[in-house]
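J.: Have a peek at start_10.csv (CSV, C-alpha atoms).
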```csv
chain,number,residue,atom,x,y,z
A,1,MET,CA,177.1,-82.0,96.9
A,2,SER,CA,173.7,-83.0,98.1
A,3,THR,CA,175.3,-85.8,100.1
A,4,ILE,CA,177.8,-83.5,101.8
A,5,LYS,CA,175.1,-81.0,102.6
A,6,ASN,CA,173.0,-83.7,104.2
A,7,ASP,CA,176.0,-84.9,106.3
A,8,VAL,CA,176.6,-81.3,107.6
A,9,ILE,CA,173.0,-80.9,108.5
A,10,SER,CA,173.0,-84.3,110.3
A,11,ALA,CA,176.2,-83.3,112.2
A,12,ARG,CA,174.7,-80.0,113.4
A,13,SER,CA,171.6,-81.7,114.4
A,14,ALA,CA,173.5,-84.1,116.5
A,15,LEU,CA,175.5,-81.4,118.2
A,16,ASN,CA,172.4,-79.4,119.0
A,17,LYS,CA,170.9,-82.5,120.6
A,18,LYS,CA,174.0,-83.1,122.7
A,19,ASP,CA,174.1,-79.5,123.8
A,20,TYR,CA,170.4,-79.5,124.7
A,21,ALA,CA,170.8,-82.7,126.6
A,22,LYS,CA,173.8,-81.3,128.5
A,23,ARG,CA,171.9,-78.1,129.5
A,24,ASN,CA,168.8,-80.0,130.6
A,25,ARG,CA,170.6,-82.9,132.3
A,26,LYS,CA,169.3,-83.4,135.9
A,27,PRO,CA,171.9,-83.7,138.7
A,28,SER,CA,172.5,-87.2,140.1
A,29,LYS,CA,171.6,-88.1,143.6
A,30,ASN,CA,175.2,-88.4,144.6
A,31,SER,CA,175.9,-84.8,143.4
A,32,SER,CA,172.9,-83.4,145.4
A,33,SER,CA,174.0,-85.1,148.6
A,34,ALA,CA,177.5,-83.7,148.3
A,35,LEU,CA,176.2,-80.2,147.8
A,36,TYR,CA,173.8,-80.6,150.8
A,37,ALA,CA,176.6,-81.9,153.0
A,38,ASP,CA,178.9,-79.0,152.1
A,39,SER,CA,176.2,-76.4,152.8
A,40,MET,CA,175.4,-78.0,156.2
A,41,ALA,CA,179.1,-78.0,157.1
A,42,LYS,CA,179.4,-74.3,156.2
A,43,LEU,CA,176.2,-73.5,158.2
A,44,ARG,CA,177.5,-75.4,161.3
A,45,ALA,CA,180.8,-73.6,161.1
A,46,ALA,CA,179.0,-70.3,160.9
A,47,LEU,CA,176.8,-71.2,163.9
A,48,VAL,CA,180.0,-71.8,165.9
A,49,VAL,CA,182.0,-68.7,164.7
A,50,ILE,CA,179.3,-66.1,164.9
A,51,PRO,CA,178.5,-66.5,168.7
A,52,VAL,CA,182.2,-66.4,169.5
A,53,VAL,CA,182.7,-63.2,167.5
A,54,MET,CA,179.6,-61.7,169.2
A,55,VAL,CA,181.0,-62.5,172.6
A,56,LEU,CA,184.3,-61.0,171.8
A,57,ILE,CA,182.7,-57.8,170.5
A,58,ILE,CA,180.4,-57.5,173.6
A,59,SER,CA,183.3,-58.1,175.9
A,60,ALA,CA,185.4,-55.5,174.2
A,61,VAL,CA,182.6,-52.9,174.4
A,62,LEU,CA,182.0,-53.6,178.1
A,63,PHE,CA,185.7,-53.5,178.9
A,64,PHE,CA,186.4,-50.2,177.3
A,65,GLY,CA,183.1,-48.8,178.5
A,66,ILE,CA,184.0,-49.6,182.2
A,67,GLN,CA,187.5,-48.1,181.7
A,68,TYR,CA,186.0,-44.9,180.3
A,69,LEU,CA,183.4,-44.6,183.1
A,70,THR,CA,186.1,-45.3,185.8
A,71,SER,CA,188.4,-42.6,184.4
A,72,VAL,CA,185.6,-40.0,184.1
A,73,SER,CA,183.8,-40.6,187.4
A,74,GLY,CA,186.5,-41.8,189.7
A,75,GLY,CA,190.1,-41.1,189.1
A,76,SER,CA,192.5,-42.6,191.7
A,77,THR,CA,191.3,-43.9,195.0
A,78,HIS,CA,193.2,-41.1,196.8
A,79,GLN,CA,191.5,-38.4,194.7
A,80,GLN,CA,188.1,-39.9,195.4
A,81,LYS,CA,188.8,-39.8,199.2
A,82,GLU,CA,190.0,-36.3,199.0
A,83,ALA,CA,186.9,-35.2,197.1
A,84,ALA,CA,184.6,-37.0,199.5
A,85,ALA,CA,186.4,-35.5,202.5
A,86,THR,CA,186.1,-32.0,201.1
A,87,ALA,CA,182.4,-32.5,200.3
A,88,LEU,CA,181.7,-33.6,203.8
A,89,TYR,CA,182.9,-30.5,205.5
A,90,SER,CA,180.1,-28.3,206.7
A,91,ALA,CA,180.6,-24.6,207.2
A,92,ALA,CA,181.0,-25.2,210.9
A,93,ASP,CA,183.6,-28.0,210.3
A,94,SER,CA,185.5,-25.8,207.9
A,95,GLU,CA,185.8,-23.1,210.6
A,96,LYS,CA,186.7,-25.7,213.2
A,97,LEU,CA,189.7,-26.9,211.1
A,98,LEU,CA,191.3,-23.4,211.5
A,99,THR,CA,190.7,-22.9,215.2
A,100,ILE,CA,193.7,-21.5,217.0
A,101,VAL,CA,194.2,-22.6,220.6
A,102,SER,CA,197.3,-21.3,222.4
A,103,PRO,CA,198.4,-19.6,225.6
A,104,GLN,CA,197.2,-16.4,224.1
A,105,ASN,CA,194.0,-17.9,222.5
A,106,PRO,CA,191.8,-20.0,224.7
A,107,LEU,CA,189.5,-22.6,223.3
A,108,PRO,CA,186.2,-20.8,222.1
A,109,SER,CA,183.4,-21.4,224.6
A,110,ASP,CA,181.1,-22.4,221.7
A,111,TYR,CA,183.6,-24.9,220.3
A,112,LYS,CA,181.8,-28.2,219.4
A,113,LEU,CA,183.5,-31.5,219.9
A,114,ASN,CA,182.3,-34.8,218.3
A,115,LEU,CA,184.7,-37.3,219.8
A,116,VAL,CA,185.2,-40.8,218.4
A,117,THR,CA,187.6,-43.5,219.4
A,118,TYR,CA,190.6,-44.4,217.2
A,119,GLY,CA,192.8,-47.2,218.5
A,120,ASN,CA,193.5,-46.2,222.1
A,121,ILE,CA,192.9,-42.4,221.7
A,122,LYS,CA,190.0,-40.1,221.2
A,123,ILE,CA,189.8,-37.6,218.3
A,124,ASP,CA,187.2,-35.4,216.6
A,125,SER,CA,185.2,-37.4,214.1
A,126,ILE,CA,186.4,-35.1,211.3
A,127,VAL,CA,189.9,-36.4,211.7
A,128,LYS,CA,189.2,-40.1,211.5
A,129,ASP,CA,189.3,-40.7,207.7
A,130,GLY,CA,192.5,-38.6,207.5
A,131,ILE,CA,194.4,-40.4,210.3
A,132,GLU,CA,193.3,-43.8,208.9
A,133,SER,CA,194.6,-42.9,205.4
A,134,LEU,CA,197.8,-41.4,206.9
A,135,VAL,CA,198.6,-44.5,208.9
A,136,ASN,CA,197.8,-46.9,206.1
A,137,ALA,CA,200.0,-44.9,203.6
A,138,ALA,CA,202.9,-44.9,206.0
A,139,SER,CA,202.5,-48.7,206.5
A,140,ASN,CA,202.6,-49.2,202.8
A,141,ASP,CA,205.9,-47.3,202.7
A,142,GLY,CA,207.3,-49.5,205.5
A,143,ILE,CA,206.8,-46.8,208.3
A,144,LYS,CA,204.9,-47.7,211.5
A,145,LEU,CA,203.4,-44.7,213.1
A,146,ASP,CA,203.0,-45.0,216.8
A,147,ILE,CA,200.3,-42.7,218.2
A,148,LEU,CA,200.9,-41.4,221.7
A,149,LYS,CA,198.0,-39.0,222.2
A,150,GLY,CA,194.9,-37.5,220.7
A,151,TYR,CA,192.3,-35.4,222.4
A,152,VAL,CA,193.2,-34.2,225.9
A,153,SER,CA,190.4,-33.1,228.3
A,154,THR,CA,190.5,-29.8,230.3
A,155,GLN,CA,191.0,-31.8,233.5
A,156,GLU,CA,193.9,-33.8,232.1
A,157,GLN,CA,195.6,-30.6,230.7
A,158,ASN,CA,195.3,-28.8,234.0
A,159,GLU,CA,197.0,-31.8,235.7
A,160,LEU,CA,199.8,-31.7,233.2
A,161,TYR,CA,200.2,-28.0,233.7
A,162,ASN,CA,200.2,-28.2,237.5
A,163,ALA,CA,202.7,-31.0,237.4
A,164,GLU,CA,205.0,-28.8,235.4
A,165,VAL,CA,204.5,-25.9,237.8
A,166,HIS,CA,205.5,-28.2,240.7
A,167,ARG,CA,208.5,-29.5,238.9
A,168,LEU,CA,209.8,-26.0,238.3
A,169,THR,CA,209.2,-24.9,241.9
A,170,ASP,CA,210.6,-28.0,243.4
A,171,SER,CA,213.5,-28.8,241.1
A,172,GLU,CA,214.4,-25.5,239.6
A,173,GLY,CA,213.7,-23.3,242.7
A,174,TYR,CA,211.2,-21.0,240.8
A,175,SER,CA,208.7,-18.9,242.6
A,176,ARG,CA,205.1,-20.0,242.1
A,177,ALA,CA,204.4,-17.0,239.8
A,178,LYS,CA,207.6,-17.6,237.8
A,179,ALA,CA,206.9,-21.3,237.5
A,180,GLU,CA,203.4,-20.7,236.2
A,181,GLU,CA,204.7,-18.2,233.6
A,182,GLU,CA,207.4,-20.7,232.5
A,183,ALA,CA,205.0,-23.7,232.5
A,184,GLU,CA,202.7,-21.9,230.1
A,185,LYS,CA,205.4,-21.8,227.5
A,186,THR,CA,205.6,-25.5,227.2
A,187,VAL,CA,202.5,-27.0,228.9
A,188,PRO,CA,199.6,-24.6,228.7
A,189,MET,CA,196.8,-24.8,231.3
A,190,GLY,CA,193.4,-26.2,230.5
A,191,ASN,CA,191.5,-24.7,227.5
A,192,HIS,CA,194.8,-23.2,226.2
A,193,ALA,CA,196.3,-26.3,224.6
A,194,ASP,CA,195.8,-27.3,220.9
A,195,GLN,CA,195.3,-30.9,222.0
A,196,GLN,CA,191.9,-29.9,223.3
A,197,THR,CA,190.6,-29.3,219.8
A,198,GLY,CA,190.5,-33.0,219.2
A,199,LEU,CA,192.3,-32.3,215.9
A,200,SER,CA,195.9,-32.9,217.0
A,201,ILE,CA,197.8,-36.2,217.0
A,202,GLU,CA,201.0,-36.8,218.9
A,203,PHE,CA,203.3,-39.4,217.4
A,204,ALA,CA,206.1,-41.3,218.9
A,205,SER,CA,209.0,-43.5,217.6
A,206,SER,CA,210.0,-46.8,219.1
A,207,ALA,CA,213.3,-46.6,217.3
A,208,ALA,CA,214.5,-43.1,218.1
A,209,GLU,CA,214.6,-41.1,221.3
A,210,ASN,CA,214.6,-37.8,219.5
A,211,PHE,CA,211.5,-37.9,217.3
A,212,ALA,CA,212.9,-35.0,215.1
A,213,GLU,CA,215.6,-37.4,214.0
A,214,SER,CA,213.4,-40.4,213.4
A,215,GLU,CA,212.4,-41.8,210.0
A,216,GLU,CA,208.8,-41.4,211.1
A,217,PHE,CA,209.2,-37.7,211.4
A,218,TYR,CA,210.9,-37.4,208.0
A,219,TRP,CA,208.1,-39.4,206.4
A,220,LEU,CA,205.5,-37.2,208.0
A,221,MET,CA,207.1,-34.0,206.9
A,222,LYS,CA,207.2,-35.3,203.4
A,223,ASN,CA,203.7,-36.8,203.2
A,224,ALA,CA,201.4,-35.7,206.1
A,225,TYR,CA,199.9,-32.8,204.1
A,226,LYS,CA,198.6,-35.2,201.5
A,227,TYR,CA,196.2,-36.5,204.1
A,228,GLY,CA,195.3,-33.1,205.7
A,229,PHE,CA,198.0,-32.9,208.5
A,230,VAL,CA,200.6,-30.3,209.2
A,231,LEU,CA,203.2,-29.9,211.9
A,232,ARG,CA,201.5,-27.8,214.6
A,233,TYR,CA,204.6,-26.2,216.1
A,234,PRO,CA,207.4,-26.0,213.4
A,235,GLU,CA,210.9,-25.0,214.1
A,236,ASN,CA,211.7,-21.2,213.9
A,237,LYS,CA,208.0,-20.3,214.1
A,238,GLU,CA,207.9,-19.8,217.9
A,239,ASP,CA,207.0,-16.1,217.5
A,240,ASP,CA,203.9,-17.1,215.6
A,241,THR,CA,202.8,-20.1,217.6
A,242,ASP,CA,203.7,-19.0,221.1
A,243,MET,CA,205.1,-22.5,221.6
A,244,PRO,CA,208.5,-24.1,221.1
A,245,PHE,CA,209.3,-26.5,218.3
A,246,ASN,CA,207.5,-29.8,218.8
A,247,PRO,CA,208.3,-32.4,216.1
A,248,SER,CA,205.8,-35.0,217.4
A,249,LEU,CA,202.5,-32.9,217.3
A,250,PHE,CA,200.6,-32.8,214.0
A,251,ARG,CA,197.4,-31.0,213.5
A,252,TYR,CA,194.6,-31.9,211.1
A,253,VAL,CA,193.5,-28.9,209.0
A,254,GLY,CA,192.0,-30.7,205.9
A,255,ASN,CA,193.6,-31.5,202.6
A,256,GLU,CA,193.1,-28.1,200.9
A,257,ASN,CA,194.4,-26.1,203.8
A,258,ALA,CA,197.4,-28.4,204.4
A,259,SER,CA,198.4,-28.2,200.7
A,260,LYS,CA,198.2,-24.4,200.7
A,261,MET,CA,200.1,-24.1,204.0
A,262,VAL,CA,202.9,-26.2,202.5
A,263,THR,CA,203.0,-24.2,199.3
A,264,LEU,CA,203.0,-20.9,201.2
A,265,ASN,CA,205.5,-22.2,203.9
A,266,ARG,CA,203.2,-21.0,206.7
A,267,CYS,CA,202.4,-22.5,210.0
A,268,LEU,CA,198.7,-22.7,211.1
A,269,ASP,CA,198.9,-19.3,213.0
A,270,GLU,CA,200.4,-17.5,210.0
A,271,TYR,CA,198.0,-19.1,207.6
A,272,VAL,CA,194.9,-18.1,209.6
A,273,THR,CA,196.3,-14.5,209.8
A,274,TYR,CA,196.9,-14.6,206.0
A,275,LEU,CA,193.4,-15.7,205.3
A,276,SER,CA,191.9,-13.1,207.6
A,277,ALA,CA,193.8,-10.3,205.8
A,278,ARG,CA,192.5,-11.2,202.4
```
Could you write out this structure as structure tokens?

T.:
Amino acid sequence: MSTIKNDVISARSALNKKDYAKRNRKPSKNSSSALYADSMAKLRAALVVIPVVMVLIISAVLFFGIQYLTSVSGGSTHQQKEAAATALYSAADSEKLLTIVSPQNPLPSDYKLNLVTYGNIKIDSIVKDGIESLVNAASNDGIKLDILKGYVSTQEQNELYNAEVHRLTDSEGYSRAKAEEEAEKTVPMGNHADQQTGLSIEFASSAAENFAESEEFYWLMKNAYKYGFVLRYPENKEDDTDMPFNPSLFRYVGNENASKMVTLNRCLDEYVTYLSAR
């Protein structure tokens, strides 16, 4: 028994020594190098991945930030131009836009013109942005708008009037008084023509003799109001305008007025009367 007991004690002692040695064994140089190399590889990978992730995050933030700011502050280009145009109207310009000039309503003596050149015509400066946008929009739709006339001076208008009077007396046999009366219905004398406001544009078509049947006219009737223009002398409105239907003459009244006139189906003369009665 004593011998067996001693063998057991010896065996336990040996096991304890092996366990102690295993727990306290130092790693070899090869094992340390492998661990170091693995750690460095992981670090290098992290140094590559982290910057890439950061760039992607920053790019995404900038992209969505710009998109948000654009949607909040801008809207469409057309909306921006409309807002800018509206903001630029002074009280005097807003009143000018609704000026009525006709055989029965002469140009006000205090009317202020600020003429600028557009192409080969002159127009009031308040019209320039509108006509540029209108012509560009038509071009984008495949429509070339030929502009025949803009502002007409008092002298030129009187020349046109006198020429019509002479035509009626010479060709039609009218008396001078009758010729003057008839001429006023189509070619008003100086200071009685809408073209003298500097706000009217007369268009022409190179493809159609009758402008009322041209694709340019149809395009204008559908789109002109979006850029502040309305037909100055519409069909079946002669009692209101004191002038016959003229499909080629469009008048700038500003975007807001033009939209309301189209909605209400009123010509400029009717619209001004409507506003005065409110």

J.: Out of A:His192, A:Lys185, A:His166, A:Lys149, which residue has the shortest atom-to-atom distance to A:Pro108 when counting only C-alpha atoms?

T.: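 Closest residue, counting only C-alpha atoms: A:His192.
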
J.: Would you mind reading off the distance between atom CA of A:Asn120 and atom CA of A:Thr241, one decimal, in Å?

T.: 28.1 Å

J.: Report, in Å with one decimal, the straight-line distance from atom CA of A:Gln157 to atom CA of A:Asn255.

T.: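 Computing it gives 28.2 Å between the two atoms.
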
J.: Which residues come within 12 Å of A:Gly142, counting all atoms listed in the file, excluding same-chain residues fewer than 6 positions away, as a PyMOL selection string?

T.: chain A and resi 135-136+215-216+219

J.: Store the residues of this selection in a file with C-alpha atoms, as a PDB file, keeping the file's coordinate frame.

T.:
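Saved to selection_39.pdb:
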```
ATOM      1  CA  VAL A 135     198.600 -44.500 208.900  1.00  0.00           C
ATOM      2  CA  ASN A 136     197.800 -46.900 206.100  1.00  0.00           C
ATOM      3  CA  GLU A 215     212.400 -41.800 210.000  1.00  0.00           C
ATOM      4  CA  GLU A 216     208.800 -41.400 211.100  1.00  0.00           C
ATOM      5  CA  TRP A 219     208.100 -39.400 206.400  1.00  0.00           C
TER       6      TRP A 219
END
```

J.: Atom CA of A:Gly130 to atom CA of A:Tyr227: how many Å, to one decimal?

T.: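 These two atoms are separated by 5.4 Å.
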
J.: Up to 9 Å from (194.5, -36.3, 221.6) in the file's coordinates: name the residues, counting only C-alpha atoms, as a list in words.

T.: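 Looking at atoms near the point gives Ile121, Lys122, Ile123, Asp124, Leu148, Lys149, Gly150, Tyr151, Val152, Ser153, Gln195, Gln196, Thr197, Gly198, Leu199, Ser200, Ile201 and Glu202 of chain A.
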
J.: Using all atoms listed in the file, determine which residues lie at most 7 Å from A:Gln155, disregarding the query and same-chain residues fewer than 3 positions distant; provide the list as a short mmCIF file (atom, residue, chain, number, x, y, z; two decimals) with C-alpha atoms, in the coordinates of the input.

T.:
```cif
data_model
loop_
_atom_site.label_atom_id
_atom_site.label_comp_id
_atom_site.auth_asym_id
_atom_site.auth_seq_id
_atom_site.Cartn_x
_atom_site.Cartn_y
_atom_site.Cartn_z
CA ASN A 158 195.30 -28.80 234.00
CA GLU A 159 197.00 -31.80 235.70
CA GLY A 190 193.40 -26.20 230.50
#
```

J.: Smallest atom-to-atom distance to A:Ser102: which of A:Arg167, A:Lys128, A:Arg232, A:Lys226, using all atoms listed in the file?

T.: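 Distance minimum relative to A:Ser102 lands on A:Arg232.
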
J.: Counting all atoms listed in the file, figure out which residue out of A:Asn265, A:Thr186, A:Asn162, A:Ser248 gets nearest to A:Glu213.

T.: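 Selected residue with least distance to A:Glu213: A:Ser248.
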
J.: I'd like the contact shell of A:Tyr274 - 12 Å cut-off, only C-alpha atoms, skipping same-chain residues fewer than 2 positions apart - returned as a list in words.

T.: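 Here the qualifying residues turn out to be Leu98, Asn257, Lys260, Met261, Leu264, Asn265, Arg266, Cys267, Leu268, Asp269, Glu270, Tyr271, Val272, Ser276, Ala277 and Arg278 of chain A.
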
J.: Identify which of the residues A:Glu182, A:Leu97, A:Ala92, A:Asn210 lies closest to A:Glu256, counting all atoms listed in the file when measuring atom-to-atom distances.

T.: A:Leu97
